[in-house]
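Trainee: Provided herewith is a single structure, encoded as structure tokens, for subsequent inquiry.
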Amino acid sequence: MTITQWFLFFLIIQVVHFLGTWKLYIKAGRQAWEAAIPVYNAVVLMKIIRRPWWWTILLFIPIVNLIMFPVVWVETIRSFGKHKLIDTVLVLLTFGLYIYYVNYIADVKYIQDRSLHPRTAAGEWISSILFAVIAATLVHTYLIQPFTIPTSSLEKTLLVGDFLFVSKFHYGARTPLTAVAFPMVHDTIPIINTKSYLPKPQIPYFRLPGFEKIERSDIVVFNWPVDTMRYMMTTDKYYYKPIDKKNELCKACGWGCRGFLKNCRW
């Protein structure tokens with residue numbers, strides 16, 4: 001998807017949010033128009049559900065937002081007295097559209113002083129696991145990521161199968177291109193051996209500013225630019241992978257390496 005398409009998609013999401021929540025904003029003592037202002041409506045919603053304002057930032061971070069949106073949906077209905085298991089299941093199965101029922105049909109009142117602590121031990125475990133996954137995904141995507149050496153080209157320094165942690169922020173972390181993907185795995189979900197992502201939609205390529213440039217002899221990890229291998233073993237010329245899901249290679253940077261890696265979008 002192009003930037004224009006993503007912008008239109010963002011506007012559609014804002015319209016869907018406004019139509020499904022404006023009455024709830026009023027019941028919470030806010031104004032209806034506050035549900036219609038992009039980004040600001042999310043900040044106000046965090047106040048309504050009594051969660052910190054920086055949750056708004058998490059809603060705009062790729063992959064992390066896939067976890068945060070369901071959490072916000074559940075927190076929203078619970079702020080209006082919908083605590084039953086069936087309510088939670090319905091809001092998740094309908095991808096948040098159950099909030100329309102709460103907004104227009106259900107007779108609900110805003111619970112201003114609701115407790116933020118889970119009511120059951122299972123809820124406590126689920127809450128802890130969710131935020132552990134969110135924190136780990138942020139570190140894995142933008143700071144440090146573990147890798148294993150896939151090839152023997154660095155055998156005098158690193159052996160095939162060696163484990164290493166790679167810094168992403170030194171050269172500038174790349175934001176994910178795949179908008180819908182399983183967190184903290186590469187191209188395959190372990191055990192069930194199936195794709196960990198949806199090929200579409202795709203987020204436009206973007207890289208955060210780095211702290212240093214690639215120098216000759218640096219050992220770098222990058223995505224193979226022409227990748228038709230399913231699991232680093234099986235080749236299939238018709239097998240397509242997005243750039244950020246292509247197999248990784250670990251090489252020492254030589255002459256002309258910086259331009260090559262730039263083209264590879266390491």
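Convention: chains lettered A, B, ... in structure tokens order; per-chain residue numbering from 1; ligands numbered from 1 as shown.
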Write out as a list in words all residues of range 98-250 of chain A that backbone DSSP assigns to strand (DSSP E).

Mentor: Ile144, Gln145, Pro146, Phe147, Thr148, Phe163, Leu164, Phe165, Val166, Ser167, Thr188, Ile189, Thr194, Lys195, Ile219, Val220, Val221, Phe222, Asn223, Glu248, Leu249 and Cys250 of chain A

Trainee: Between A:Lys27, A:Lys241, A:Lys251, A:His17, which one has atoms that come closest to Tyr197 in chain A, using only C-alpha atoms?

Mentor: A:Lys241

Trainee: May I have all residues of range 38-194 of chain A that DSSP, computed from the backbone, assigns to helix (DSSP H, G or I), given as a PyMOL selection string?

Mentor: chain A and resi 40-48+55-58+64-78+85-93+98-104+121-142

Trainee: Quick one: pull the distance between CA of Pro176 in chain A and CA of Pro62 in chain A, Å, one decimal.

Mentor: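 Interatomic distance, CA of Pro176 in chain A to CA of Pro62 in chain A: 6.4 Å.
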
Trainee: Neighbours of Trp54 in chain A within 10 Å (only C-alpha atoms; same-chain residues fewer than 4 positions away dropped), as a ChimeraX atom specification?

Mentor: /A:42-43,46,58-59
